[in-house]
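Below is protein.cif, holding mmCIF, C-alpha atoms and all ligand atoms.
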data_entry
loop_
_atom_site.group_PDB
_atom_site.id
_atom_site.type_symbol
_atom_site.label_atom_id
_atom_site.label_comp_id
_atom_site.auth_asym_id
_atom_site.auth_seq_id
_atom_site.Cartn_x
_atom_site.Cartn_y
_atom_site.Cartn_z
ATOM 1 C CA MET Q 1 -24.066 32.853 -2.282
ATOM 2 C CA LYS Q 2 -25.877 29.534 -2.452
ATOM 3 C CA TYR Q 3 -28.729 28.981 -4.883
ATOM 4 C CA TYR Q 4 -30.910 26.060 -3.843
ATOM 5 C CA ILE Q 5 -33.954 24.867 -5.733
ATOM 6 C CA LEU Q 6 -36.747 23.192 -3.807
ATOM 7 C CA PHE Q 7 -38.468 20.832 -6.194
ATOM 8 C CA GLY Q 8 -41.435 18.471 -6.068
ATOM 9 C CA PRO Q 9 -45.085 18.028 -7.048
ATOM 10 C CA PRO Q 10 -47.792 20.320 -5.674
ATOM 11 C CA GLY Q 11 -48.541 19.421 -2.073
ATOM 12 C CA ALA Q 12 -45.177 17.704 -1.490
ATOM 13 C CA GLY Q 13 -44.554 19.892 1.540
ATOM 14 C CA LYS Q 14 -42.243 22.448 -0.054
ATOM 15 C CA GLY Q 15 -43.676 25.413 1.822
ATOM 16 C CA THR Q 16 -43.505 23.610 5.165
ATOM 17 C CA GLN Q 17 -39.908 22.458 4.697
ATOM 18 C CA ALA Q 18 -38.825 25.800 3.215
ATOM 19 C CA ALA Q 19 -39.549 27.536 6.512
ATOM 20 C CA ALA Q 20 -37.093 25.287 8.394
ATOM 21 C CA MET Q 21 -34.472 25.450 5.622
ATOM 22 C CA VAL Q 22 -34.359 29.251 5.419
ATOM 23 C CA GLU Q 23 -33.952 29.507 9.159
ATOM 24 C CA LYS Q 24 -31.245 26.874 9.510
ATOM 25 C CA TYR Q 25 -29.125 28.104 6.586
ATOM 26 C CA ASN Q 26 -29.976 31.843 6.577
ATOM 27 C CA LEU Q 27 -31.566 31.806 3.144
ATOM 28 C CA HIS Q 28 -34.099 34.093 1.497
ATOM 29 C CA HIS Q 29 -37.198 32.122 0.476
ATOM 30 C CA ILE Q 30 -38.583 32.943 -2.969
ATOM 31 C CA SER Q 31 -41.928 31.264 -3.621
ATOM 32 C CA THR Q 32 -43.193 32.284 -7.054
ATOM 33 C CA GLY Q 33 -46.668 31.012 -6.086
ATOM 34 C CA ALA Q 34 -46.696 33.248 -2.992
ATOM 35 C CA LEU Q 35 -45.389 36.248 -4.994
ATOM 36 C CA LEU Q 36 -48.122 35.712 -7.588
ATOM 37 C CA ARG Q 37 -50.806 35.429 -4.884
ATOM 38 C CA LYS Q 38 -49.568 38.758 -3.499
ATOM 39 C CA GLU Q 39 -50.018 40.361 -6.938
ATOM 40 C CA ILE Q 40 -53.525 38.903 -7.133
ATOM 41 C CA ALA Q 41 -54.423 40.258 -3.682
ATOM 42 C CA ALA Q 42 -53.101 43.708 -4.659
ATOM 43 C CA GLY Q 43 -55.186 43.607 -7.859
ATOM 44 C CA THR Q 44 -52.288 44.559 -10.154
ATOM 45 C CA GLU Q 45 -52.420 44.022 -13.913
ATOM 46 C CA LEU Q 46 -50.086 41.076 -13.471
ATOM 47 C CA GLY Q 47 -52.313 39.759 -10.695
ATOM 48 C CA VAL Q 48 -55.375 39.807 -12.923
ATOM 49 C CA LEU Q 49 -53.558 37.790 -15.602
ATOM 50 C CA ALA Q 50 -52.093 35.379 -13.042
ATOM 51 C CA LYS Q 51 -55.465 34.802 -11.367
ATOM 52 C CA SER Q 52 -57.161 33.607 -14.548
ATOM 53 C CA LEU Q 53 -54.366 31.094 -15.232
ATOM 54 C CA ILE Q 54 -53.754 29.874 -11.680
ATOM 55 C CA GLU Q 55 -57.457 29.219 -11.092
ATOM 56 C CA LYS Q 56 -57.446 26.856 -14.060
ATOM 57 C CA GLY Q 57 -54.354 25.014 -12.814
ATOM 58 C CA CYS Q 58 -52.200 26.395 -15.652
ATOM 59 C CA LEU Q 59 -48.800 28.034 -15.415
ATOM 60 C CA VAL Q 60 -48.252 31.780 -15.853
ATOM 61 C CA PRO Q 61 -45.899 32.842 -18.693
ATOM 62 C CA ASP Q 62 -42.190 32.130 -18.161
ATOM 63 C CA GLU Q 63 -41.133 35.795 -18.592
ATOM 64 C CA VAL Q 64 -43.387 36.839 -15.717
ATOM 65 C CA VAL Q 65 -41.790 34.563 -13.125
ATOM 66 C CA GLU Q 66 -38.283 35.059 -14.528
ATOM 67 C CA GLY Q 67 -38.664 38.810 -13.968
ATOM 68 C CA MET Q 68 -39.791 38.208 -10.394
ATOM 69 C CA ILE Q 69 -36.763 36.029 -9.673
ATOM 70 C CA GLU Q 70 -34.280 38.508 -11.113
ATOM 71 C CA ASN Q 71 -35.871 41.252 -9.077
ATOM 72 C CA GLU Q 72 -35.502 39.276 -5.828
ATOM 73 C CA PHE Q 73 -31.861 38.386 -6.559
ATOM 74 C CA SER Q 74 -30.938 42.007 -7.107
ATOM 75 C CA THR Q 75 -32.802 43.513 -4.151
ATOM 76 C CA VAL Q 76 -32.328 41.063 -1.266
ATOM 77 C CA THR Q 77 -29.122 41.278 0.782
ATOM 78 C CA GLY Q 78 -27.793 39.999 4.097
ATOM 79 C CA VAL Q 79 -28.409 36.287 3.444
ATOM 80 C CA GLU Q 80 -26.176 33.284 2.734
ATOM 81 C CA GLY Q 81 -28.246 32.329 -0.263
ATOM 82 C CA PHE Q 82 -31.642 31.857 -1.868
ATOM 83 C CA LEU Q 83 -34.181 29.080 -1.721
ATOM 84 C CA LEU Q 84 -36.248 28.912 -4.890
ATOM 85 C CA ASP Q 85 -39.631 27.289 -4.333
ATOM 86 C CA GLY Q 86 -41.900 26.727 -7.340
ATOM 87 C CA PHE Q 87 -39.274 27.972 -9.791
ATOM 88 C CA PRO Q 88 -38.057 26.776 -12.238
ATOM 89 C CA ARG Q 89 -41.134 24.852 -13.345
ATOM 90 C CA THR Q 90 -40.319 24.417 -17.038
ATOM 91 C CA ILE Q 91 -37.162 23.710 -19.059
ATOM 92 C CA PRO Q 92 -37.129 27.259 -20.521
ATOM 93 C CA GLN Q 93 -37.313 28.649 -16.959
ATOM 94 C CA ALA Q 94 -34.363 26.440 -15.938
ATOM 95 C CA GLU Q 95 -32.376 27.692 -18.925
ATOM 96 C CA ALA Q 96 -33.262 31.286 -18.057
ATOM 97 C CA LEU Q 97 -32.153 30.706 -14.469
ATOM 98 C CA ASP Q 98 -28.805 29.318 -15.656
ATOM 99 C CA GLU Q 99 -28.355 32.450 -17.722
ATOM 100 C CA ILE Q 100 -29.346 34.815 -14.893
ATOM 101 C CA LEU Q 101 -26.890 33.082 -12.548
ATOM 102 C CA SER Q 102 -24.090 32.897 -15.078
ATOM 103 C CA LYS Q 103 -24.399 36.682 -15.532
ATOM 104 C CA ARG Q 104 -23.828 36.897 -11.780
ATOM 105 C CA GLY Q 105 -20.791 34.619 -12.136
ATOM 106 C CA THR Q 106 -22.401 31.708 -10.347
ATOM 107 C CA GLU Q 107 -24.615 28.649 -10.787
ATOM 108 C CA VAL Q 108 -27.314 26.533 -9.106
ATOM 109 C CA THR Q 109 -25.876 24.956 -5.937
ATOM 110 C CA ALA Q 110 -28.241 21.998 -5.584
ATOM 111 C CA VAL Q 111 -31.776 20.837 -6.315
ATOM 112 C CA VAL Q 112 -33.552 19.348 -3.304
ATOM 113 C CA SER Q 113 -36.459 17.315 -4.591
ATOM 114 C CA ILE Q 114 -39.262 16.208 -2.269
ATOM 115 C CA MET Q 115 -41.157 13.330 -3.855
ATOM 116 C CA ILE Q 116 -44.546 11.900 -2.915
ATOM 117 C CA PRO Q 117 -46.966 9.718 -4.926
ATOM 118 C CA ASP Q 118 -49.853 11.339 -6.867
ATOM 119 C CA GLU Q 119 -52.525 9.851 -4.548
ATOM 120 C CA MET Q 120 -50.871 11.633 -1.663
ATOM 121 C CA VAL Q 121 -50.768 14.893 -3.646
ATOM 122 C CA MET Q 122 -54.558 14.851 -3.948
ATOM 123 C CA GLU Q 123 -55.057 13.954 -0.288
ATOM 124 C CA ARG Q 124 -52.721 16.650 1.034
ATOM 125 C CA ILE Q 125 -54.035 19.423 -1.204
ATOM 126 C CA LYS Q 126 -57.604 18.658 -0.170
ATOM 127 C CA GLY Q 127 -56.521 18.909 3.469
ATOM 128 C CA ARG Q 128 -54.782 22.218 2.814
ATOM 129 C CA ALA Q 129 -57.865 23.590 1.007
ATOM 130 C CA LEU Q 130 -59.853 23.375 4.224
ATOM 131 C CA LYS Q 131 -57.216 25.420 6.082
ATOM 132 C CA GLU Q 132 -55.940 27.946 3.536
ATOM 133 C CA GLY Q 133 -58.808 28.401 1.080
ATOM 134 C CA ARG Q 134 -56.620 28.683 -2.029
ATOM 135 C CA ALA Q 135 -58.717 28.935 -5.214
ATOM 136 C CA ASP Q 136 -56.453 26.442 -7.014
ATOM 137 C CA ASP Q 137 -57.001 23.865 -4.260
ATOM 138 C CA ALA Q 138 -60.775 24.090 -4.540
ATOM 139 C CA SER Q 139 -61.744 21.291 -6.909
ATOM 140 C CA GLU Q 140 -60.478 17.837 -7.823
ATOM 141 C CA GLU Q 141 -60.509 18.870 -11.495
ATOM 142 C CA ILE Q 142 -58.133 21.818 -10.912
ATOM 143 C CA ILE Q 143 -55.851 19.680 -8.758
ATOM 144 C CA ASN Q 144 -55.751 17.030 -11.505
ATOM 145 C CA THR Q 145 -54.821 19.704 -14.063
ATOM 146 C CA ARG Q 146 -51.976 20.814 -11.793
ATOM 147 C CA ILE Q 147 -50.756 17.251 -11.368
ATOM 148 C CA ALA Q 148 -50.825 16.832 -15.174
ATOM 149 C CA THR Q 149 -49.043 20.190 -15.656
ATOM 150 C CA TYR Q 150 -46.409 18.983 -13.207
ATOM 151 C CA HIS Q 151 -45.859 15.696 -15.078
ATOM 152 C CA ASN Q 152 -45.773 17.323 -18.537
ATOM 153 C CA GLN Q 153 -43.871 20.540 -17.943
ATOM 154 C CA THR Q 154 -42.002 20.273 -14.653
ATOM 155 C CA GLU Q 155 -40.913 16.640 -14.370
ATOM 156 C CA PRO Q 156 -38.450 16.959 -17.311
ATOM 157 C CA LEU Q 157 -36.360 19.105 -14.951
ATOM 158 C CA ILE Q 158 -35.389 15.936 -13.051
ATOM 159 C CA ALA Q 159 -33.304 14.818 -16.035
ATOM 160 C CA TYR Q 160 -32.078 18.376 -16.690
ATOM 161 C CA TYR Q 161 -30.608 18.715 -13.201
ATOM 162 C CA GLY Q 162 -29.709 15.027 -13.011
ATOM 163 C CA ASN Q 163 -27.475 15.457 -16.055
ATOM 164 C CA ALA Q 164 -25.883 18.477 -14.381
ATOM 165 C CA GLY Q 165 -25.169 16.350 -11.271
ATOM 166 C CA LYS Q 166 -27.242 18.692 -9.115
ATOM 167 C CA TYR Q 167 -30.346 16.605 -8.430
ATOM 168 C CA HIS Q 168 -30.973 15.200 -4.931
ATOM 169 C CA HIS Q 169 -33.991 12.974 -4.332
ATOM 170 C CA ILE Q 170 -35.711 13.200 -0.931
ATOM 171 C CA ASN Q 171 -38.428 10.760 0.111
ATOM 172 C CA GLY Q 172 -41.299 13.079 1.124
ATOM 173 C CA VAL Q 173 -43.331 10.371 2.847
ATOM 174 C CA GLY Q 174 -42.988 10.599 6.623
ATOM 175 C CA SER Q 175 -43.381 13.149 9.393
ATOM 176 C CA ILE Q 176 -42.392 16.803 8.858
ATOM 177 C CA GLU Q 177 -39.347 16.218 11.106
ATOM 178 C CA GLU Q 178 -38.281 13.034 9.313
ATOM 179 C CA VAL Q 179 -38.446 14.691 5.896
ATOM 180 C CA GLY Q 180 -36.631 17.736 7.319
ATOM 181 C CA GLU Q 181 -33.766 15.563 8.573
ATOM 182 C CA ARG Q 182 -33.382 13.972 5.133
ATOM 183 C CA ILE Q 183 -33.185 17.442 3.575
ATOM 184 C CA PHE Q 184 -30.629 18.759 6.086
ATOM 185 C CA GLU Q 185 -28.433 15.735 5.467
ATOM 186 C CA VAL Q 186 -28.179 16.764 1.802
ATOM 187 C CA MET Q 187 -27.806 20.505 2.435
ATOM 188 C CA ASP Q 188 -25.057 20.022 5.009
ATOM 189 C CA ARG Q 189 -22.821 18.862 2.142
ATOM 190 C CA PHE Q 190 -22.769 22.332 0.511
HETATM 191 P P1 LIG U 201 -48.012 24.356 -5.520
HETATM 192 O O1 LIG U 201 -46.653 24.151 -4.929
HETATM 193 O O2 LIG U 201 -49.119 23.855 -4.650
HETATM 194 O O3 LIG U 201 -48.112 23.872 -6.927
HETATM 195 P P2 LIG U 201 -47.473 27.223 -5.862
HETATM 196 O O4 LIG U 201 -47.890 28.104 -4.770
HETATM 197 O O5 LIG U 201 -46.018 26.952 -6.048
HETATM 198 O O6 LIG U 201 -48.303 25.892 -5.637
HETATM 199 O O7 LIG U 201 -48.025 27.767 -7.269
HETATM 200 C C1 LIG U 201 -49.382 28.034 -7.481
HETATM 201 C C2 LIG U 201 -49.628 28.401 -8.951
HETATM 202 O O8 LIG U 201 -48.869 29.593 -9.302
HETATM 203 C C3 LIG U 201 -49.165 27.362 -9.978
HETATM 204 O O9 LIG U 201 -50.124 26.333 -10.190
HETATM 205 C C4 LIG U 201 -48.967 28.242 -11.226
HETATM 206 O O10 LIG U 201 -50.187 28.557 -11.830
HETATM 207 C C5 LIG U 201 -48.386 29.529 -10.654
HETATM 208 N N1 LIG U 201 -46.905 29.477 -10.640
HETATM 209 C C6 LIG U 201 -46.108 29.398 -9.539
HETATM 210 N N2 LIG U 201 -44.814 29.327 -9.890
HETATM 211 C C7 LIG U 201 -44.780 29.349 -11.251
HETATM 212 C C8 LIG U 201 -43.746 29.270 -12.238
HETATM 213 N N3 LIG U 201 -42.457 29.140 -11.895
HETATM 214 N N4 LIG U 201 -44.091 29.317 -13.538
HETATM 215 C C9 LIG U 201 -45.353 29.437 -13.915
HETATM 216 N N5 LIG U 201 -46.386 29.495 -13.047
HETATM 217 C C10 LIG U 201 -46.115 29.451 -11.734
#

Represent the structure from my file as structure tokens, please.
Ligand code: ADP
Amino acid sequence: MKYYILFGPPGAGKGTQAAAMVEKYNLHHISTGALLRKEIAAGTELGVLAKSLIEKGCLVPDEVVEGMIENEFSTVTGVEGFLLDGFPRTIPQAEALDEILSKRGTEVTAVVSIMIPDEMVMERIKGRALKEGRADDASEEIINTRIATYHNQTEPLIAYYGNAGKYHHINGVGSIEEVGERIFEVMDRF
């Protein structure tokens, strides 16, 4: 089993590229953001908690997403691997993931990191807001909080996975196809 992490700031195009990656390499896509939005739509207790945090641009507690990931790993079969999108987002989550995988006798295969500048983050999220109507895309203030959350809590993962020799930088500026080709070039090595 392969365990890929799709990394990058909000709006980098992770969701778009994930669709092509899962198809080409027969992976199961786990988007913690999408799983949380499903809980919100279903009105579960977890969804109510998640909603209040997500709408402010904050992260939900580590244990919540870690539980979701473990659940997916143990229930999904018939794939060559998993594509984690939006997880891990903090150092403690990355450490928890290492532990979950080591219990399964394995480790992270590679981190594919799509990078775009902050100005482009704002531009792309505003464009997406018009199409998808996500509450956390609604205002410039919330988007700025998410960009700050990314820099403070998520960006340290670049060094974490860099030190482990697993980090692969992808230039996310370009057409969907161009960025896709850059990603496939990295993934073909594993
Ligand atoms: P984006 O890629 O645009 O940042 P996501 O759909 O991945 O959006 O996530 C939306 C929101 O869901 C995040 O801003 C955060 O509040 C919550 N979330 C998603 N994944 C995690 C995670 N691993 N840890 C904590 N919160 C998360």

Inset, instruction - Go ahead and compute the interatomic distance for CA of Val111 (chain Q) and CA of Asn144 (chain Q), in Å to one decimal. - result: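 So the two atoms, CA of Val111 (chain Q) and CA of Asn144 (chain Q), lie 24.8 Å apart.
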
Counting all atoms listed in the file, what are the residues of chain Q within 6 Å of ligand LIG 201 (chain U), and for each of them which pair of atoms is the nearest and at what distance in Å, to one decimal? Sort the table by chain and rising number, as CSV.
residue,atom,partner,partner_atom,distance
Q:Pro10,CA,U:LIG201,O3,3.8
Q:Gly11,CA,U:LIG201,O2,5.2
Q:Thr32,CA,U:LIG201,N2,4.4
Q:Gly33,CA,U:LIG201,O4,3.4
Q:Ala34,CA,U:LIG201,O4,5.6
Q:Leu53,CA,U:LIG201,O10,6.0
Q:Ile54,CA,U:LIG201,O10,3.8
Q:Gly57,CA,U:LIG201,O9,5.1
Q:Cys58,CA,U:LIG201,O10,4.8
Q:Leu59,CA,U:LIG201,N5,3.7
Q:Val60,CA,U:LIG201,N5,4.1
Q:Pro61,CA,U:LIG201,C9,5.9
Q:Asp62,CA,U:LIG201,N4,5.7
Q:Val65,CA,U:LIG201,N3,5.6
Q:Gly86,CA,U:LIG201,O5,4.3
Q:Phe87,CA,U:LIG201,N3,4.0
Q:Pro88,CA,U:LIG201,N3,5.0
Q:Arg89,CA,U:LIG201,N3,4.7

Legend entry - Picked residues, the PyMOL selection byres (((chain Q and resi 7-9) around 12) and not hetatm), as a VMD selection string: chain Q and resid 4 to 6 10 to 15 17 to 18 31 83 to 90 94 110 to 122 124 to 125 143 to 144 146 to 158 161 166 to 172 183

Inset, instruction - Would you mind reading off the distance between CA of Ala135 (chain Q) and CA of Ala96 (chain Q), one decimal, in Å? - result: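 Answer for the CA of Ala135 (chain Q) to CA of Ala96 (chain Q) separation: 28.6 Å.
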
Explicit residues for the PyMOL selection byres (((chain Q and resi 67) around 12) and not hetatm) (as a compact mmCIF listing (two decimals) with C-alpha atoms, in the coordinates of the input):
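Printed below is result_6.txt as written:
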# COMPACT_ATOMS: atom_id res chain seq x y z
CA THR Q 32 -43.19 32.28 -7.05
CA LEU Q 35 -45.39 36.25 -4.99
CA LEU Q 36 -48.12 35.71 -7.59
CA LEU Q 46 -50.09 41.08 -13.47
CA PRO Q 61 -45.90 32.84 -18.69
CA ASP Q 62 -42.19 32.13 -18.16
CA GLU Q 63 -41.13 35.80 -18.59
CA VAL Q 64 -43.39 36.84 -15.72
CA VAL Q 65 -41.79 34.56 -13.12
CA GLU Q 66 -38.28 35.06 -14.53
CA MET Q 68 -39.79 38.21 -10.39
CA ILE Q 69 -36.76 36.03 -9.67
CA GLU Q 70 -34.28 38.51 -11.11
CA ASN Q 71 -35.87 41.25 -9.08
CA GLU Q 72 -35.50 39.28 -5.83
CA PHE Q 73 -31.86 38.39 -6.56
CA SER Q 74 -30.94 42.01 -7.11
CA PHE Q 87 -39.27 27.97 -9.79
CA GLN Q 93 -37.31 28.65 -16.96
CA ALA Q 96 -33.26 31.29 -18.06
CA LEU Q 97 -32.15 30.71 -14.47
CA ILE Q 100 -29.35 34.82 -14.89

Identify, on the basis of all atoms listed in the file, every residue whose closest approach to Val79 (chain Q) does not exceed 6 Å; exclude the query and any residue fewer than 2 positions from it along the same chain; express the result as a PDB file with C-alpha atoms, keeping the file's coordinate frame.
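Saved result, selection-v8.pdb, follows:
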ATOM      1  CA  ASN Q  26     -29.976  31.843   6.577  1.00  0.00           C
ATOM      2  CA  LEU Q  27     -31.566  31.806   3.144  1.00  0.00           C
ATOM      3  CA  THR Q  77     -29.122  41.278   0.782  1.00  0.00           C
ATOM      4  CA  GLY Q  81     -28.246  32.329  -0.263  1.00  0.00           C
TER       5      GLY Q  81
END

Inset, instruction - Could you jot down the CA of Gly162 (chain Q) to CA of Gly180 (chain Q) separation for me, Å, one decimal place? - result: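 Rounded to one decimal, the two atoms are 21.6 Å apart.
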